[in-house]
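Q: Have a peek at my_file29.txt (compact mmCIF, C-alpha atoms and all ligand atoms).
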# COMPACT_ATOMS: atom_id res chain seq x y z
CA ALA A 28 21.78 -13.17 4.25
CA ALA A 29 20.28 -10.68 6.71
CA THR A 30 23.00 -11.23 9.30
CA VAL A 31 26.57 -10.20 8.68
CA ALA A 32 29.46 -12.66 9.16
CA ARG A 33 32.75 -11.17 10.40
CA ASN A 34 36.42 -12.10 10.38
CA ALA A 35 38.79 -11.90 13.38
CA GLU A 36 39.23 -8.11 12.91
CA GLY A 37 35.46 -7.58 12.92
CA VAL A 38 35.35 -6.78 9.22
CA ALA A 39 32.21 -8.19 7.61
CA THR A 40 32.72 -11.01 5.16
CA VAL A 41 30.63 -12.54 2.43
CA GLY A 42 31.58 -15.84 0.85
CA GLY A 43 34.92 -15.56 2.70
CA LEU A 44 35.80 -12.15 1.17
CA ASP A 45 35.93 -9.06 3.34
CA VAL A 46 33.90 -5.99 2.49
CA LYS A 47 36.87 -3.61 2.69
CA ALA A 48 38.52 -5.50 -0.14
CA LEU A 49 35.24 -5.55 -2.07
CA ALA A 50 34.79 -1.79 -1.59
CA ALA A 51 38.40 -1.17 -2.66
CA GLU A 52 38.00 -3.25 -5.80
CA PHE A 53 34.46 -2.39 -6.88
CA GLY A 54 33.75 0.97 -5.22
CA THR A 55 30.63 2.04 -3.32
CA PRO A 56 27.71 2.03 -3.36
CA ALA A 57 27.47 -1.54 -4.59
CA TYR A 58 25.04 -4.40 -4.28
CA ILE A 59 26.94 -7.47 -3.07
CA LEU A 60 25.11 -10.68 -3.96
CA ASP A 61 25.92 -14.14 -2.57
CA GLU A 62 25.61 -16.60 -5.47
CA GLN A 63 25.56 -19.71 -3.28
CA ASP A 64 22.78 -18.24 -1.19
CA PHE A 65 20.78 -17.42 -4.33
CA ARG A 66 21.24 -20.93 -5.70
CA ALA A 67 20.35 -22.52 -2.36
CA ARG A 68 17.11 -20.53 -2.12
CA ALA A 69 16.19 -21.30 -5.72
CA ARG A 70 16.87 -24.98 -5.08
CA ALA A 71 14.84 -24.93 -1.84
CA TRP A 72 11.80 -23.70 -3.81
CA ARG A 73 12.37 -26.26 -6.51
CA GLU A 74 12.67 -29.11 -4.01
CA ALA A 75 9.79 -27.93 -1.81
CA PHE A 76 7.38 -27.97 -4.74
CA GLY A 77 8.72 -31.15 -6.33
CA ALA A 78 8.04 -32.70 -9.69
CA ASP A 79 4.31 -31.94 -9.80
CA ALA A 80 4.85 -28.18 -9.71
CA ASP A 81 6.73 -25.44 -11.53
CA VAL A 82 8.61 -22.59 -9.93
CA PHE A 83 8.79 -19.42 -12.02
CA TYR A 84 11.24 -16.90 -10.54
CA ALA A 85 9.70 -13.41 -10.84
CA GLY A 86 12.30 -11.46 -12.81
CA LYS A 87 10.92 -8.09 -11.72
CA ALA A 88 12.59 -8.59 -8.31
CA PHE A 89 16.03 -8.62 -9.94
CA LEU A 90 17.09 -9.88 -13.34
CA SER A 91 20.46 -10.20 -15.04
CA LYS A 92 22.03 -12.71 -17.40
CA ALA A 93 23.98 -14.39 -14.59
CA VAL A 94 20.79 -14.82 -12.56
CA VAL A 95 19.04 -16.37 -15.56
CA ARG A 96 21.90 -18.84 -15.94
CA TRP A 97 21.74 -19.82 -12.26
CA LEU A 98 17.98 -20.34 -12.51
CA ARG A 99 18.37 -22.44 -15.63
CA GLU A 100 20.96 -24.61 -13.91
CA GLU A 101 18.86 -24.98 -10.75
CA GLY A 102 15.81 -26.10 -12.75
CA LEU A 103 13.62 -23.04 -12.26
CA ASN A 104 11.50 -21.29 -14.86
CA LEU A 105 11.22 -17.54 -15.30
CA ASP A 106 8.37 -15.05 -15.16
CA VAL A 107 8.92 -11.88 -17.20
CA CYS A 108 6.61 -8.89 -17.51
CA SER A 109 8.10 -6.82 -20.31
CA ALA A 110 10.00 -7.01 -23.59
CA GLY A 111 13.11 -5.88 -21.71
CA GLU A 112 12.96 -8.74 -19.21
CA LEU A 113 12.23 -11.17 -22.05
CA ALA A 114 15.31 -9.90 -23.91
CA VAL A 115 17.56 -10.58 -20.90
CA ALA A 116 16.06 -14.05 -20.44
CA LEU A 117 16.64 -14.99 -24.07
CA ALA A 118 20.11 -13.42 -24.18
CA ALA A 119 21.11 -15.66 -21.27
CA GLY A 120 19.81 -18.76 -23.00
CA MET A 121 16.61 -19.46 -21.08
CA PRO A 122 14.55 -21.70 -23.40
CA GLY A 123 11.31 -20.02 -24.53
CA GLU A 124 9.15 -22.80 -23.13
CA ARG A 125 10.48 -22.12 -19.61
CA ILE A 126 9.40 -18.46 -19.74
CA ALA A 127 5.99 -17.04 -18.77
CA LEU A 128 4.87 -13.56 -19.85
CA HIS A 129 2.78 -11.31 -17.62
CA GLY A 130 1.32 -7.83 -17.80
CA ASN A 131 -1.94 -5.91 -17.82
CA ASN A 132 -1.05 -3.96 -20.96
CA LYS A 133 1.26 -6.03 -23.11
CA THR A 134 1.89 -4.33 -26.43
CA PRO A 135 1.18 -6.02 -29.77
CA ASP A 136 4.97 -6.13 -30.34
CA GLU A 137 5.57 -7.84 -26.99
CA LEU A 138 2.91 -10.45 -27.72
CA GLU A 139 4.13 -10.97 -31.27
CA HIS A 140 7.69 -11.56 -30.05
CA ALA A 141 6.65 -13.81 -27.14
CA VAL A 142 4.63 -16.06 -29.46
CA LYS A 143 7.48 -16.14 -31.97
CA VAL A 144 10.03 -17.32 -29.39
CA GLY A 145 7.54 -19.88 -28.06
CA VAL A 146 7.10 -18.75 -24.46
CA GLY A 147 5.64 -21.53 -22.30
CA HIS A 148 2.57 -19.55 -21.42
CA ILE A 149 1.18 -16.05 -21.51
CA VAL A 150 -0.99 -14.91 -18.61
CA VAL A 151 -3.85 -13.02 -20.28
CA ASP A 152 -5.33 -10.14 -18.35
CA SER A 153 -8.17 -8.63 -20.42
CA TYR A 154 -10.76 -9.41 -23.12
CA GLN A 155 -8.83 -7.12 -25.45
CA GLU A 156 -5.68 -9.14 -24.99
CA ILE A 157 -7.53 -12.39 -25.71
CA GLU A 158 -8.61 -10.98 -29.12
CA LEU A 159 -5.19 -9.54 -29.90
CA LEU A 160 -3.20 -12.61 -28.85
CA ALA A 161 -5.52 -15.04 -30.64
CA ALA A 162 -5.13 -13.07 -33.88
CA ILE A 163 -1.33 -13.00 -33.50
CA ALA A 164 -1.09 -16.74 -32.78
CA GLU A 165 -3.41 -17.62 -35.66
CA ARG A 166 -1.37 -15.45 -38.02
CA GLN A 167 1.78 -17.25 -36.89
CA GLY A 168 0.01 -20.59 -37.27
CA VAL A 169 0.48 -21.69 -33.66
CA ARG A 170 -1.69 -22.47 -30.63
CA GLN A 171 -0.35 -20.34 -27.78
CA PRO A 172 -0.79 -21.78 -24.27
CA VAL A 173 -2.36 -19.23 -21.90
CA LEU A 174 -3.46 -18.85 -18.30
CA ILE A 175 -6.19 -16.40 -17.31
CA ARG A 176 -5.35 -14.00 -14.51
CA VAL A 177 -8.21 -14.04 -12.06
CA THR A 178 -8.95 -11.56 -9.28
CA VAL A 179 -9.87 -13.95 -6.49
CA GLY A 180 -10.92 -11.30 -3.99
CA VAL A 181 -8.04 -11.81 -1.60
CA GLU A 182 -5.72 -8.95 -0.78
CA ALA A 183 -2.76 -9.89 1.36
CA HIS A 184 -0.13 -7.72 3.02
CA THR A 185 2.40 -9.02 5.51
CA HIS A 186 0.35 -10.41 8.42
CA GLU A 187 -3.19 -9.78 7.27
CA PHE A 188 -5.28 -10.61 4.32
CA ILE A 189 -8.66 -9.28 3.40
CA ALA A 190 -11.14 -11.47 1.59
CA THR A 191 -13.43 -9.15 -0.29
CA ALA A 192 -15.75 -9.21 -3.27
CA HIS A 193 -14.66 -5.73 -4.16
CA GLU A 194 -11.85 -5.79 -6.66
CA ASP A 195 -10.91 -2.25 -7.49
CA GLN A 196 -7.58 -2.78 -9.26
CA LYS A 197 -6.06 -2.91 -12.71
CA PHE A 198 -5.00 -6.59 -12.67
CA GLY A 199 -7.04 -9.65 -13.42
CA LEU A 200 -10.57 -10.65 -14.32
CA SER A 201 -13.07 -10.83 -11.51
CA LEU A 202 -14.12 -14.22 -10.21
CA THR A 203 -17.24 -13.09 -8.38
CA GLY A 204 -18.21 -10.56 -11.03
CA GLY A 205 -18.22 -13.23 -13.74
CA ALA A 206 -15.48 -11.70 -15.91
CA ALA A 207 -13.21 -14.70 -15.32
CA ALA A 208 -15.88 -17.14 -16.53
CA GLU A 209 -16.50 -14.96 -19.57
CA ALA A 210 -12.76 -14.87 -20.33
CA VAL A 211 -12.70 -18.68 -20.16
CA ARG A 212 -15.53 -18.83 -22.74
CA ARG A 213 -13.71 -16.43 -25.03
CA VAL A 214 -10.36 -18.22 -24.80
CA LEU A 215 -11.93 -21.64 -25.40
CA ALA A 216 -13.55 -20.26 -28.56
CA LYS A 217 -10.19 -19.27 -30.09
CA ASP A 218 -8.28 -21.64 -32.36
CA GLY A 219 -5.05 -19.79 -31.66
CA LEU A 220 -5.23 -20.19 -27.88
CA GLU A 221 -4.83 -23.23 -25.66
CA LEU A 222 -6.29 -22.63 -22.20
CA ARG A 223 -3.92 -24.33 -19.77
CA GLY A 224 -5.13 -22.91 -16.49
CA ILE A 225 -5.87 -19.99 -14.22
CA HIS A 226 -3.67 -17.65 -12.25
CA SER A 227 -3.87 -15.41 -9.22
CA HIS A 228 -1.40 -13.18 -7.41
CA ILE A 229 -2.67 -11.85 -4.08
CA GLY A 230 0.05 -9.48 -2.91
CA SER A 231 3.63 -9.22 -1.73
CA GLN A 232 5.71 -9.49 1.47
CA ILE A 233 3.16 -11.94 2.96
CA PHE A 234 3.94 -13.82 6.19
CA ASP A 235 0.85 -15.96 6.52
CA THR A 236 -0.28 -18.87 4.37
CA ALA A 237 -4.00 -18.20 4.95
CA GLY A 238 -4.39 -15.80 2.01
CA PHE A 239 -2.78 -18.29 -0.39
CA GLU A 240 -5.05 -21.01 0.91
CA VAL A 241 -8.21 -18.98 0.28
CA ALA A 242 -6.94 -18.14 -3.21
CA ALA A 243 -6.17 -21.80 -3.93
CA ARG A 244 -9.64 -22.83 -2.77
CA ARG A 245 -11.28 -20.24 -5.02
CA LEU A 246 -9.18 -21.25 -8.03
CA VAL A 247 -10.13 -24.90 -7.57
CA GLY A 248 -13.76 -23.77 -7.31
CA LEU A 249 -13.39 -22.09 -10.68
CA LEU A 250 -11.82 -25.23 -12.17
CA ALA A 251 -14.91 -27.16 -11.08
CA GLU A 252 -17.22 -24.55 -12.64
CA ILE A 253 -15.24 -24.71 -15.88
CA ARG A 254 -15.52 -28.49 -15.89
CA ASP A 255 -19.28 -28.26 -15.30
CA GLU A 256 -19.87 -25.63 -18.00
CA HIS A 257 -17.41 -26.78 -20.67
CA GLY A 258 -16.57 -30.38 -19.86
CA VAL A 259 -12.82 -29.64 -19.67
CA GLU A 260 -10.49 -30.06 -16.71
CA LEU A 261 -7.73 -27.48 -16.91
CA PRO A 262 -4.36 -28.92 -15.97
CA GLU A 263 -2.77 -25.98 -14.11
CA ILE A 264 -3.25 -23.37 -11.40
CA ASP A 265 -0.72 -20.65 -10.71
CA LEU A 266 -0.72 -19.01 -7.28
CA GLY A 267 1.68 -16.18 -8.11
CA GLY A 268 4.35 -14.86 -5.79
CA GLY A 269 4.33 -12.88 -2.59
CA LEU A 270 6.03 -14.80 0.19
CA GLY A 271 7.71 -12.34 2.57
CA ILE A 272 11.30 -12.15 3.80
CA ALA A 273 12.98 -10.84 6.96
CA TYR A 274 14.00 -7.20 6.56
CA THR A 275 14.55 -6.72 10.27
CA SER A 276 15.01 -9.12 13.18
CA GLU A 277 11.29 -8.81 14.04
CA ASP A 278 10.21 -10.44 10.76
CA ASP A 279 9.57 -14.18 10.81
CA PRO A 280 8.85 -15.40 7.29
CA LYS A 281 7.52 -18.79 6.25
CA GLN A 282 9.80 -21.24 4.44
CA PRO A 283 9.01 -22.51 0.92
CA ALA A 284 8.48 -26.03 2.27
CA GLU A 285 5.69 -24.79 4.57
CA ILE A 286 3.92 -22.96 1.74
CA ALA A 287 4.35 -25.91 -0.62
CA ALA A 288 2.96 -28.41 1.85
CA SER A 289 -0.04 -26.31 2.79
CA LEU A 290 -0.91 -25.49 -0.83
CA ALA A 291 -0.54 -29.07 -2.02
CA GLU A 292 -2.79 -30.26 0.81
CA ILE A 293 -5.51 -27.64 0.19
CA VAL A 294 -5.52 -28.28 -3.56
CA ARG A 295 -5.61 -32.05 -3.04
CA ARG A 296 -8.49 -31.82 -0.56
CA GLU A 297 -10.55 -29.31 -2.57
CA CYS A 298 -10.06 -31.30 -5.77
CA ALA A 299 -11.08 -34.53 -4.09
CA SER A 300 -14.29 -32.99 -2.84
CA ALA A 301 -15.04 -31.48 -6.28
CA ARG A 302 -14.05 -34.79 -7.96
CA LEU A 303 -11.36 -33.10 -10.04
CA ASN A 304 -7.93 -34.43 -10.92
CA ALA A 305 -5.46 -32.30 -8.99
CA PRO A 306 -3.89 -29.72 -11.35
CA ARG A 307 -0.20 -28.90 -11.56
CA ILE A 308 0.66 -26.02 -9.24
CA SER A 309 2.87 -23.11 -10.30
CA VAL A 310 4.28 -20.38 -8.11
CA GLU A 311 6.19 -17.19 -8.90
CA PRO A 312 8.45 -16.19 -6.00
CA GLY A 313 10.70 -13.18 -6.57
CA ARG A 314 11.56 -11.47 -3.30
CA ALA A 315 11.78 -14.73 -1.31
CA ILE A 316 14.56 -15.99 -3.57
CA VAL A 317 16.70 -12.94 -4.27
CA GLY A 318 15.80 -10.52 -1.46
CA PRO A 319 17.96 -11.95 1.31
CA THR A 320 20.90 -12.77 -0.97
CA ALA A 321 22.28 -9.24 -1.36
CA PHE A 322 23.20 -6.25 0.75
CA THR A 323 24.06 -2.72 -0.27
CA LEU A 324 27.51 -1.51 0.71
CA TYR A 325 27.78 2.25 1.28
CA GLU A 326 30.51 4.59 2.43
CA VAL A 327 29.63 7.05 5.18
CA GLY A 328 30.05 10.74 4.31
CA THR A 329 28.50 13.64 6.21
CA ILE A 330 27.49 12.99 9.82
CA LYS A 331 25.14 15.59 11.28
CA PRO A 332 24.01 15.29 14.91
CA LEU A 333 20.72 17.10 15.60
CA GLU A 334 20.57 17.92 19.30
CA GLY A 335 17.80 16.00 21.07
CA LEU A 336 16.62 14.35 17.85
CA ARG A 337 18.96 11.98 16.06
CA THR A 338 22.09 11.89 13.96
CA TYR A 339 21.74 12.06 10.19
CA VAL A 340 24.28 9.78 8.52
CA SER A 341 24.65 10.44 4.79
CA VAL A 342 25.82 7.71 2.45
CA ASP A 343 27.05 7.82 -1.14
CA GLY A 344 23.79 6.42 -2.60
CA GLY A 345 20.18 6.74 -1.50
CA MET A 346 16.72 6.70 -3.04
CA SER A 347 18.22 6.08 -6.49
CA ASP A 348 19.49 2.64 -5.39
CA ASN A 349 16.75 1.89 -2.84
CA ILE A 350 13.41 3.61 -3.39
CA ARG A 351 11.55 1.22 -1.10
CA THR A 352 11.90 3.22 2.12
CA ALA A 353 10.60 6.41 0.51
CA LEU A 354 7.93 4.63 -1.54
CA TYR A 355 6.54 2.03 0.87
CA ASP A 356 7.85 3.08 4.27
CA ALA A 357 9.88 -0.14 4.09
CA GLU A 358 12.02 -1.03 7.09
CA TYR A 359 15.67 -1.99 6.85
CA SER A 360 18.49 -2.56 9.27
CA VAL A 361 22.06 -1.29 8.99
CA ALA A 362 25.43 -2.39 10.35
CA LEU A 363 28.92 -0.95 10.56
CA VAL A 364 30.92 -3.49 8.57
CA SER A 365 34.45 -2.13 8.07
CA ARG A 366 35.48 -2.57 11.72
CA THR A 367 34.11 -3.35 15.17
CA SER A 368 33.37 -0.64 17.68
CA ASP A 369 32.72 -0.64 21.42
CA ALA A 370 31.28 2.88 21.33
CA ALA A 371 27.78 3.46 22.67
CA PRO A 372 24.96 3.12 20.15
CA MET A 373 23.56 6.36 18.74
CA LEU A 374 20.16 6.80 17.12
CA VAL A 375 20.65 7.48 13.43
CA ARG A 376 18.72 8.02 10.25
CA VAL A 377 20.63 6.80 7.22
CA VAL A 378 19.99 9.14 4.31
CA GLY A 379 21.22 9.43 0.75
CA LYS A 380 22.85 12.23 -1.23
CA HIS A 381 19.82 13.23 -3.31
CA CYS A 382 18.21 16.65 -3.36
CA GLU A 383 15.10 15.59 -1.52
CA SER A 384 14.37 15.39 2.20
CA GLY A 385 12.45 12.11 1.77
CA ASP A 386 15.66 10.48 0.55
CA ILE A 387 15.86 8.02 3.45
CA VAL A 388 17.48 4.58 3.31
CA VAL A 389 16.95 3.46 6.93
CA ARG A 390 14.49 5.53 8.95
CA ASP A 391 15.49 4.53 12.50
CA ALA A 392 18.55 2.54 13.46
CA PHE A 393 21.48 2.48 15.85
CA LEU A 394 25.12 2.80 14.83
CA PRO A 395 28.18 3.24 17.09
CA ALA A 396 28.70 6.81 18.27
CA ASP A 397 32.30 6.83 16.97
CA LEU A 398 31.10 6.45 13.36
CA THR A 399 33.26 8.52 11.00
CA ALA A 400 33.39 9.51 7.35
CA GLY A 401 34.94 6.67 5.38
CA ASP A 402 33.40 3.88 7.47
CA LEU A 403 31.57 1.25 5.45
CA ILE A 404 28.01 0.35 6.36
CA ALA A 405 25.80 -2.38 4.94
CA VAL A 406 22.04 -2.51 4.51
CA PRO A 407 21.01 -6.19 4.28
CA ALA A 408 18.15 -7.76 2.31
CA THR A 409 18.35 -5.43 -0.68
CA GLY A 410 18.41 -8.15 -3.35
CA ALA A 411 14.80 -7.64 -4.42
CA TYR A 412 13.26 -4.50 -5.89
CA CYS A 413 16.30 -2.31 -5.24
CA ARG A 414 18.55 -2.61 -8.32
CA SER A 415 15.45 -3.43 -10.39
CA MET A 416 13.74 -0.21 -9.25
CA ALA A 417 16.89 1.93 -9.27
CA SER A 418 16.79 5.27 -11.06
CA ASN A 419 19.13 7.93 -12.36
CA TYR A 420 17.57 10.68 -10.23
CA ASN A 421 19.98 13.60 -9.98
CA HIS A 422 21.92 11.78 -12.71
CA ALA A 423 23.08 9.24 -10.16
CA LEU A 424 25.06 6.38 -11.66
CA ARG A 425 23.30 3.12 -10.83
CA PRO A 426 25.55 0.87 -8.69
CA PRO A 427 27.01 -2.43 -9.85
CA VAL A 428 25.88 -5.86 -8.73
CA VAL A 429 28.88 -7.86 -7.55
CA ALA A 430 28.37 -11.61 -7.22
CA VAL A 431 30.48 -13.47 -4.71
CA ASN A 432 31.04 -17.21 -4.80
CA ALA A 433 33.73 -19.71 -3.76
CA GLU A 434 35.96 -18.57 -6.63
CA GLY A 435 35.85 -14.91 -5.66
CA ALA A 436 33.92 -11.80 -6.62
CA ARG A 437 32.90 -10.59 -10.05
CA VAL A 438 30.71 -7.85 -11.46
CA ILE A 439 27.52 -9.23 -13.02
CA VAL A 440 25.96 -5.82 -13.71
CA ARG A 441 28.52 -3.05 -14.06
CA ARG A 442 28.35 0.40 -12.52
CA GLU A 443 26.95 3.06 -14.82
CA THR A 444 29.30 5.74 -16.03
CA GLU A 445 28.86 9.37 -17.02
CA GLU A 446 29.40 8.19 -20.61
CA ASP A 447 26.36 5.92 -20.26
CA LEU A 448 24.26 8.91 -19.24
CA LEU A 449 25.66 11.18 -21.94
CA ARG A 450 25.16 8.53 -24.62
CA LEU A 451 21.40 8.74 -24.10
CA ASP A 452 21.39 12.53 -24.25
CA ILE A 453 21.67 13.34 -27.93
CA GLY A 454 21.63 17.11 -27.47
N1 LIG A 501 3.88 -12.77 -9.85
C1 LIG A 501 3.19 -11.67 -10.15
C2 LIG A 501 2.09 -11.75 -11.11
C3 LIG A 501 3.53 -10.45 -9.55
O1 LIG A 501 2.84 -9.35 -9.85
C4 LIG A 501 4.61 -10.39 -8.63
C5 LIG A 501 5.00 -9.15 -8.00
C6 LIG A 501 5.32 -11.58 -8.35
C7 LIG A 501 4.91 -12.76 -8.97
C8 LIG A 501 6.47 -11.64 -7.41
O2 LIG A 501 6.13 -11.26 -6.11
P1 LIG A 501 7.19 -11.46 -4.90
O3 LIG A 501 7.32 -12.94 -4.69
O4 LIG A 501 8.47 -10.83 -5.31
O5 LIG A 501 6.54 -10.74 -3.77
N2 LIG A 501 8.00 -3.34 -5.81
C9 LIG A 501 7.32 -3.93 -4.67
C10 LIG A 501 6.79 -5.29 -4.95
C11 LIG A 501 5.87 -5.32 -6.14
C12 LIG A 501 5.51 -6.72 -6.51
C13 LIG A 501 4.77 -6.74 -7.79
N3 LIG A 501 4.42 -8.03 -8.24
C14 LIG A 501 8.27 -3.94 -3.48
O6 LIG A 501 9.38 -3.47 -3.60
O7 LIG A 501 7.90 -4.37 -2.39
Would you encode the structure as structure tokens?

A:
Amino acid sequence: AATVARNAEGVATVGGLDVKALAAEFGTPAYILDEQDFRARARAWREAFGADADVFYAGKAFLSKAVVRWLREEGLNLDVCSAGELAVALAAGMPGERIALHGNNKTPDELEHAVKVGVGHIVVDSYQEIELLAAIAERQGVRQPVLIRVTVGVEAHTHEFIATAHEDQKFGLSLTGGAAAEAVRRVLAKDGLELRGIHSHIGSQIFDTAGFEVAARRLVGLLAEIRDEHGVELPEIDLGGGLGIAYTSEDDPKQPAEIAASLAEIVRRECASARLNAPRISVEPGRAIVGPTAFTLYEVGTIKPLEGLRTYVSVDGGMSDNIRTALYDAEYSVALVSRTSDAAPMLVRVVGKHCESGDIVVRDAFLPADLTAGDLIAVPATGAYCRSMASNYNHALRPPVVAVNAEGARVIVRRETEEDLLRLDIG
């Protein structure tokens, strides 16, 4: 989690193991992931939403075969958005019917494969895709369940959301513009497609439930319109992902139970007033499940004090294992974890080893002034969108993911090697 537990010597521990031992065994940089924490968060979502809802973990946040197994065991479903994610899901034994496929530009091969393995639903995102998918399903002699991704005109970021009719983005079919209603007509006309419901995803790292509530209200409104026009009551609405997590001590995220209760209540009330049977609710949390469960362990290298400014602390990773600071101005915290120190705090910027001045891991933080090369530092809350967005920039070797549980630590995604890089380069 975002705070670091310590043993009597002040060395940080995770699942009872100390980080010095982990660094010695697995090297640095490494993502250290707490399996019990992951399972507990997955379970909390499952329990908060109960039997009348489905929780699809968003694999884009972080996906590996071990994670798929944990999700399967904890009763969660899985949202994938590419052939690669689908391959990992299937390789780890996730049943097709518990997988949902997303994407604004799914290829014919991706759709063909998804239909063949019987994915539970495909979230269609364009008229073109409706034609393509219907033809594929009909050729395979099946009726593929689909949801339609709707742009509900709500854009949410952290504390604010904007409700707007203007929907200038690549995802979804516009509710107010009529494209969503037209997509419904087209899907209902296809023998190969079974329209199960409608979907919206309003943003990410959201701290307030208000945006979700507006989206839910608008989706129920569309269900009523569909009933009025076509005489069918669709059985499902999917409200996507987006619940925020604490990256720093200032962040105060909502718990799954709060979101679940407020959504269930809104949907129940809106359906009652529209005289609709309440649909099943689906959600797709990614960050809120995996984000807090891992931290990145780095070894300190060069320390460069800039008089009157700050001290630049270089670590053995950087933007190749965490692009979020450079890309989104994301905020992280950092802690010295290999020992305690009584030294005064010094203002630092934690930077990587890449050939780029924007290669920043933590923009502003304090570390003890006696920091030295060889110390271990940890950046918490790097479970989501760090390993999954990692790159080989400067031919960096992507770090391993080490899962810790009561039995000990084991690598679930191994560190890349120079051989891995050279294998791709056929000369
Ligand atoms: N469902 C859909 C359709 C999505 O597009 C996303 C995320 C999710 C679910 C999961 O959202 P979450 O619960 O993880 O917020 N790379 C960015 C985040 C991009 C999210 C894209 N879609 C970041 O590092 O902040």

Q: Could you tell me how far CA of Asp386 in chain A sits from CA of Leu451 in chain A, in Å to one decimal place?

A: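 Computing the Euclidean distance for CA of Leu451 in chain A and CA of Asp386 in chain A yields 25.4 Å.
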
Q: Excluding same-chain residues fewer than 2 positions from Val428 in chain A, what lies within 7 Å of it counting all atoms listed in the file, as a list of chain:residue names?

A: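 Non-adjacent residues within range: A:Ala57, A:Tyr58, A:Ile59, A:Leu60, A:Pro426, A:Ala430, A:Val438, A:Ile439, A:Val440, A:Arg441.
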
Q: Name the residues, by chain letter and number, that sit within 6 Å of ligand LIG 501 (chain A) using only C-alpha atoms and all ligand atoms, and give them as a VMD selection string.

A: chain A and resid 85 88 228 231 to 232 267 to 270 311 to 315 351 412

Q: Grab the CA of Ala392 in chain A to CA of Val431 in chain A distance for me, in Å with one decimal place.

A: 27.0 Å

Q: Could you tell me which of A:Lys380, A:Ile189, A:Glu446, A:Arg437 comes closest to Leu44 in chain A if we count only C-alpha atoms?

A: A:Arg437

Q: Can you measure CA of Asn419 in chain A to CA of Asp447 in chain A for me? One decimal in Å is fine.

A: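 Interatomic distance, CA of Asn419 in chain A to CA of Asp447 in chain A: 10.9 Å.
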
Q: Which of these residues is nearest to Val342 in chain A, using all atoms listed in the file: A:Val181, A:Ile308, A:Leu246, A:Val406?

A: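 Under the stated criterion, the closest residue is A:Val406.
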
Q: Which residues of range 50-108 of chain A come within 12 Å of range 401-404 of chain A, and what is each one's closest atom pair and distance in Å (one decimal), counting all atoms listed in the file, sorted by chain and residue number, as JSON lines?

A:
{"residue": "A:Ala50", "atom": "CA", "partner": "A:Leu403", "partner_atom": "CA", "distance": 8.3}
{"residue": "A:Ala51", "atom": "CA", "partner": "A:Leu403", "partner_atom": "CA", "distance": 10.9}
{"residue": "A:Gly54", "atom": "CA", "partner": "A:Leu403", "partner_atom": "CA", "distance": 10.9}
{"residue": "A:Thr55", "atom": "CA", "partner": "A:Leu403", "partner_atom": "CA", "distance": 8.9}
{"residue": "A:Pro56", "atom": "CA", "partner": "A:Leu403", "partner_atom": "CA", "distance": 9.7}
{"residue": "A:Ala57", "atom": "CA", "partner": "A:Ile404", "partner_atom": "CA", "distance": 11.1}

Q: From the options A:Glu221, A:Glu240, A:Lys281, A:Ala299, which residue's atoms come nearest to Leu261 in chain A, counting only C-alpha atoms?

A: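 Closest to Leu261 in chain A, using only C-alpha atoms: A:Glu221.
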